[in-house]
$ cat input_5.pdb   # PDB, C-alpha atoms
ATOM      1  CA  MET A 111     102.269 101.731  24.539
ATOM      2  CA  LYS A 112      99.647  99.396  25.948
ATOM      3  CA  LEU A 113      97.930  97.028  23.537
ATOM      4  CA  ILE A 114      95.325  94.438  24.472
ATOM      5  CA  THR A 115      94.108  91.741  22.099
ATOM      6  CA  TRP A 116      91.129  89.617  23.047
ATOM      7  CA  ASN A 117      88.824  87.092  21.424
ATOM      8  CA  ILE A 118      85.588  88.252  23.030
ATOM      9  CA  GLN A 119      83.381  85.509  21.522
ATOM     10  CA  TRP A 120      80.653  88.089  20.738
ATOM     11  CA  GLY A 121      80.931  89.386  24.319
ATOM     12  CA  ARG A 122      80.041  86.101  26.021
ATOM     13  CA  GLY A 123      81.592  85.526  29.431
ATOM     14  CA  VAL A 124      82.334  82.214  31.111
ATOM     15  CA  ASP A 125      78.915  82.569  32.750
ATOM     16  CA  GLY A 126      77.299  82.467  29.288
ATOM     17  CA  ARG A 127      76.065  86.054  29.523
ATOM     18  CA  VAL A 128      76.772  88.435  26.636
ATOM     19  CA  ASP A 129      77.788  91.796  28.111
ATOM     20  CA  LEU A 130      79.894  94.245  26.109
ATOM     21  CA  ASP A 131      79.935  96.746  28.986
ATOM     22  CA  ARG A 132      81.657  94.080  31.069
ATOM     23  CA  VAL A 133      84.127  93.301  28.262
ATOM     24  CA  VAL A 134      85.209  96.943  28.043
ATOM     25  CA  ALA A 135      85.328  97.317  31.849
ATOM     26  CA  ASP A 136      87.491  94.189  32.122
ATOM     27  CA  ALA A 137      89.825  95.446  29.382
ATOM     28  CA  ARG A 138      90.155  98.763  31.231
ATOM     29  CA  ARG A 139      90.971  96.865  34.441
ATOM     30  CA  LEU A 140      93.777  95.076  32.609
ATOM     31  CA  ALA A 141      95.361  98.327  31.410
ATOM     32  CA  ASP A 142      94.780 101.897  30.350
ATOM     33  CA  PHE A 143      95.113 100.648  26.778
ATOM     34  CA  ASP A 144      96.170 102.718  23.795
ATOM     35  CA  VAL A 145      95.063 100.019  21.350
ATOM     36  CA  LEU A 146      92.386  97.370  21.803
ATOM     37  CA  CYS A 147      92.139  94.543  19.258
ATOM     38  CA  LEU A 148      88.998  92.423  19.479
ATOM     39  CA  GLN A 149      88.060  89.273  17.619
ATOM     40  CA  GLU A 150      84.634  87.642  17.145
ATOM     41  CA  VAL A 151      82.575  90.825  17.145
ATOM     42  CA  ALA A 152      79.035  90.236  15.839
ATOM     43  CA  SER A 153      76.075  92.126  14.440
ATOM     44  CA  GLY A 154      72.736  90.541  13.561
ATOM     45  CA  TYR A 155      73.656  87.099  14.925
ATOM     46  CA  SER A 156      70.794  86.474  17.349
ATOM     47  CA  GLN A 157      71.284  82.696  16.994
ATOM     48  CA  LEU A 158      74.633  82.846  18.824
ATOM     49  CA  PRO A 159      74.241  81.738  22.460
ATOM     50  CA  GLY A 160      73.247  84.708  24.613
ATOM     51  CA  CYS A 161      73.384  87.154  21.698
ATOM     52  CA  ASP A 162      70.417  89.402  20.899
ATOM     53  CA  GLY A 163      71.649  90.441  17.440
ATOM     54  CA  THR A 164      72.837  93.882  18.575
ATOM     55  CA  ASP A 165      75.302  95.700  16.311
ATOM     56  CA  GLN A 166      78.316  95.108  18.536
ATOM     57  CA  PHE A 167      80.606  97.180  16.302
ATOM     58  CA  ALA A 168      78.438 100.248  16.968
ATOM     59  CA  ARG A 169      77.947  99.404  20.646
ATOM     60  CA  LEU A 170      81.688  99.051  21.239
ATOM     61  CA  ALA A 171      82.268 102.405  19.524
ATOM     62  CA  ASP A 172      79.745 103.947  21.962
ATOM     63  CA  LEU A 173      81.552 102.342  24.912
ATOM     64  CA  LEU A 174      84.949 103.690  23.800
ATOM     65  CA  PRO A 175      84.669 107.485  23.586
ATOM     66  CA  GLY A 176      87.970 109.084  22.643
ATOM     67  CA  TYR A 177      88.970 106.067  20.552
ATOM     68  CA  THR A 178      88.759 105.588  16.825
ATOM     69  CA  VAL A 179      86.977 102.277  16.283
ATOM     70  CA  ILE A 180      87.788 100.417  13.075
ATOM     71  CA  PRO A 181      85.578  97.455  12.135
ATOM     72  CA  GLY A 182      87.026  94.583  10.133
ATOM     73  CA  ILE A 183      84.129  92.641   8.681
ATOM     74  CA  ALA A 184      85.049  89.100   7.655
ATOM     75  CA  THR A 185      81.565  87.846   6.839
ATOM     76  CA  ASP A 186      78.609  89.931   5.708
ATOM     77  CA  THR A 187      75.512  87.934   4.778
ATOM     78  CA  PRO A 188      71.750  88.462   4.590
ATOM     79  CA  ALA A 189      70.011  87.943   7.914
ATOM     80  CA  PRO A 190      66.886  85.823   8.106
ATOM     81  CA  GLY A 191      63.936  88.206   7.948
ATOM     82  CA  GLY A 192      65.958  91.055   6.433
ATOM     83  CA  GLY A 193      68.959  93.142   7.309
ATOM     84  CA  ARG A 194      72.558  91.957   7.424
ATOM     85  CA  ARG A 195      74.633  89.705   9.633
ATOM     86  CA  ARG A 196      78.267  90.725  10.112
ATOM     87  CA  PHE A 197      81.093  89.046  11.978
ATOM     88  CA  GLY A 198      84.745  89.968  12.331
ATOM     89  CA  ASN A 199      87.382  91.929  14.188
ATOM     90  CA  LEU A 200      87.805  95.437  15.525
ATOM     91  CA  ILE A 201      90.675  97.772  16.377
ATOM     92  CA  ALA A 202      90.095 100.666  18.772
ATOM     93  CA  THR A 203      92.885 103.202  19.220
ATOM     94  CA  ARG A 204      93.459 106.535  20.846
ATOM     95  CA  TRP A 205      96.207 107.298  18.296
ATOM     96  CA  PRO A 206      95.534 108.995  14.937
ATOM     97  CA  VAL A 207      94.798 106.445  12.219
ATOM     98  CA  GLY A 208      96.428 106.465   8.791
ATOM     99  CA  GLN A 209      95.739 103.724   6.281
ATOM    100  CA  VAL A 210      93.374 100.862   7.041
ATOM    101  CA  PHE A 211      93.203  97.582   5.132
ATOM    102  CA  ALA A 212      90.990  94.536   5.527
ATOM    103  CA  HIS A 213      92.869  91.610   3.989
ATOM    104  CA  LEU A 214      90.716  88.602   3.166
ATOM    105  CA  LEU A 215      92.572  85.489   4.232
ATOM    106  CA  PRO A 216      92.603  82.209   2.285
ATOM    107  CA  TRP A 217      89.645  79.914   2.821
ATOM    108  CA  PRO A 218      90.439  76.644   1.071
ATOM    109  CA  PRO A 219      87.452  74.292   1.030
ATOM    110  CA  GLU A 220      87.359  71.506   3.553
ATOM    111  CA  PRO A 221      84.050  69.625   3.336
ATOM    112  CA  GLY A 222      82.421  68.745   6.625
ATOM    113  CA  VAL A 223      84.487  71.237   8.644
ATOM    114  CA  PRO A 224      82.676  74.277  10.067
ATOM    115  CA  SER A 225      84.372  77.443   8.842
ATOM    116  CA  MET A 226      83.847  81.000   7.682
ATOM    117  CA  GLN A 227      85.733  83.702   5.831
ATOM    118  CA  ARG A 228      88.514  85.314   7.891
ATOM    119  CA  VAL A 229      90.061  88.762   7.639
ATOM    120  CA  ALA A 230      93.248  90.387   8.884
ATOM    121  CA  LEU A 231      92.458  93.971   9.863
ATOM    122  CA  GLU A 232      95.473  96.268   9.508
ATOM    123  CA  ALA A 233      95.711  99.872  10.665
ATOM    124  CA  THR A 234      98.642 102.264  10.512
ATOM    125  CA  LEU A 235      98.781 104.329  13.702
ATOM    126  CA  GLU A 236     100.667 107.559  14.331
ATOM    127  CA  THR A 237     102.059 106.944  17.814
ATOM    128  CA  PRO A 238     104.586 108.768  19.998
ATOM    129  CA  LEU A 239     106.939 105.918  19.060
ATOM    130  CA  GLY A 240     106.459 106.673  15.360
ATOM    131  CA  VAL A 241     104.258 105.104  12.733
ATOM    132  CA  LEU A 242     103.184 101.624  13.783
ATOM    133  CA  ARG A 243     101.287  98.978  11.832
ATOM    134  CA  VAL A 244      98.852  96.949  13.934
ATOM    135  CA  THR A 245      97.126  93.858  12.566
ATOM    136  CA  THR A 246      94.510  91.727  14.270
ATOM    137  CA  THR A 247      92.948  88.516  13.043
ATOM    138  CA  HIS A 248      91.262  85.329  14.128
ATOM    139  CA  LEU A 249      92.527  82.248  12.329
ATOM    140  CA  ALA A 250      90.444  79.199  11.408
ATOM    141  CA  TYR A 251      89.829  77.063  14.472
ATOM    142  CA  TYR A 252      88.609  73.720  13.172
ATOM    143  CA  SER A 253      90.735  73.384  10.031
ATOM    144  CA  SER A 254      94.524  73.177  10.201
ATOM    145  CA  ARG A 255      94.580  73.328   6.378
ATOM    146  CA  GLN A 256      92.809  76.688   6.411
ATOM    147  CA  ARG A 257      94.838  77.946   9.375
ATOM    148  CA  TYR A 258      98.174  77.149   7.676
ATOM    149  CA  ALA A 259      97.035  78.865   4.466
ATOM    150  CA  GLN A 260      96.045  81.918   6.503
ATOM    151  CA  ILE A 261      99.402  81.976   8.303
ATOM    152  CA  ALA A 262     101.211  81.815   4.964
ATOM    153  CA  ARG A 263      99.199  84.811   3.722
ATOM    154  CA  LEU A 264      99.938  86.786   6.894
ATOM    155  CA  ARG A 265     103.652  86.153   6.356
ATOM    156  CA  GLU A 266     103.330  87.413   2.778
ATOM    157  CA  LEU A 267     101.568  90.553   3.995
ATOM    158  CA  HIS A 268     104.330  91.148   6.523
ATOM    159  CA  ARG A 269     106.993  90.813   3.820
ATOM    160  CA  GLU A 270     105.100  93.271   1.613
TER     161      GLU A 270
END

$ encode --input "input_5.pdb" --output "C-alpha cells"
Amino acid sequence: MKLITWNIQWGRGVDGRVDLDRVVADARRLADFDVLCLQEVASGYSQLPGCDGTDQFARLADLLPGYTVIPGIATDTPAPGGGRRRFGNLIATRWPVGQVFAHLLPWPPEPGVPSMQRVALEATLETPLGVLRVTTTHLAYYSSRQRYAQIARLRELHRE
C-alpha cells in the first residue's frame, strides 16, 4: 500500500502560486498512491495568499477520478458577502470506504494566539491487506497547549 500525507497549505507552492493541479501531479510523481491524506484544504477563503476562494474539496475530487474523496471540515463559517468558508482535511482512496468519522479535537482557549478548530478525519478502508483505519489531522501550530490537548485526544481515540 502506498499512502501519502501532505499539508498542502491550500495548494500554495514555494513560489506562492496556488495550483491544485500541480499538487496532484506532484503527489502522483511521488507514488502511485492508494491513499492520499491532505491537510489545509480550503473553500471560500479568498483572503488566503494566492487563493481565489475555489471549493478545493470539489476541485480535488475532480482531479482524482477513480478515488473516493472524503472531506473533513474543521471550520465552517459564514463568508463575507454570503456563502460559506470551510477549511480542513481530506482523504482520497482507491479502496472501498466503510465508516467515516470527523472527530473534533480539543481547542482550549489561549488568548492572543491565532488558532482554529481542528478535526481528525478517520476512514475505515477495505484493502487487500484487510480492514485498515486511516486518520489524518493537522494539529495546532502556534499553541503547544492546544497541540498537547489534541495529541491526548488522538491517543484516546486510538485506544477506543

$ closest_residue --input "input_5.pdb" --among "A:His248, A:Arg195, A:Arg228, A:Arg138" --to "Leu214 (chain A)" --atoms "all atoms listed in the file"
A:Arg228

$ resolve_selection --input "input_5.pdb" --expression "the PyMOL selection byres ((chain A and resi 201-204) around 6)" --output "PDB file with C-alpha atoms, in the frame of the given file"
ATOM      1  CA  ASP A 144      96.170 102.718  23.795  1.00  0.00           C
ATOM      2  CA  VAL A 145      95.063 100.019  21.350  1.00  0.00           C
ATOM      3  CA  LEU A 146      92.386  97.370  21.803  1.00  0.00           C
ATOM      4  CA  CYS A 147      92.139  94.543  19.258  1.00  0.00           C
ATOM      5  CA  TYR A 177      88.970 106.067  20.552  1.00  0.00           C
ATOM      6  CA  THR A 178      88.759 105.588  16.825  1.00  0.00           C
ATOM      7  CA  VAL A 179      86.977 102.277  16.283  1.00  0.00           C
ATOM      8  CA  ILE A 180      87.788 100.417  13.075  1.00  0.00           C
ATOM      9  CA  LEU A 200      87.805  95.437  15.525  1.00  0.00           C
ATOM     10  CA  TRP A 205      96.207 107.298  18.296  1.00  0.00           C
TER      11      TRP A 205
END

$ residues_around --input "input_5.pdb" --residues "Thr185 (chain A)" --least-positions-apart "3" --cutoff "9 Å" --atoms "all atoms listed in the file" --output "count of residues only"
8

$ resolve_selection --input "input_5.pdb" --expression "the PyMOL selection byres ((chain A and resi 220) around 10)" --output "PyMOL selection string"
chain A and resi 217-219+221-225+252-256

$ atom_distance --input "input_5.pdb" --atom1 "CA of Arg139 (chain A)" --atom2 "CA of Ala230 (chain A)"
26.5 Å

$ resolve_selection --input "input_5.pdb" --expression "the PyMOL selection byres ((chain A and resi 212) around 10)" --output "list in words"
Pro181, Gly182, Ile183, Ala184, Asn199, Val210, Phe211, His213, Leu214, Leu215, Arg228, Val229, Ala230, Leu231, Glu232, Ala233, Thr245, Thr246 and Thr247 of chain A

$ closest_residue --input "input_5.pdb" --among "A:Arg169, A:Pro175, A:Ala152, A:Asp142" --to "Arg194 (chain A)" --atoms "only C-alpha atoms"
A:Ala152

$ residues_around --input "input_5.pdb" --residues "Gly123 (chain A)" --least-positions-apart "4" --cutoff "10 Å" --atoms "all atoms listed in the file" --output "ChimeraX atom specification"
/A:118-119,127-130,132-133,160

$ atom_distance --input "input_5.pdb" --atom1 "CA of Thr187 (chain A)" --atom2 "CA of Leu264 (chain A)"
24.5 Å

$ atom_distance --input "input_5.pdb" --atom1 "CA of Ala259 (chain A)" --atom2 "CA of Pro216 (chain A)"
6.0 Å

$ axis_aligned_box --input "input_5.pdb" --around "region 207-213 of chain A" --padding-each-side "6 Å" --output "JSON"
{"center_x": 93.7, "center_y": 99.0, "center_z": 8.1, "size_x": 17.4, "size_y": 26.9, "size_z": 20.2}

$ closest_residue --input "input_5.pdb" --among "A:Gly208, A:Ile261, A:Leu170, A:Val151" --to "Gly240 (chain A)" --atoms "all atoms listed in the file"
A:Gly208

$ closest_residue --input "input_5.pdb" --among "A:Leu148, A:Glu270, A:Ser153, A:Met111" --to "Ala189 (chain A)" --atoms "only C-alpha atoms"
A:Ser153

$ closest_residue --input "input_5.pdb" --among "A:Ser156, A:Asn117, A:Gln209, A:Gln260" --to "Val244 (chain A)" --atoms "only C-alpha atoms"
A:Gln209
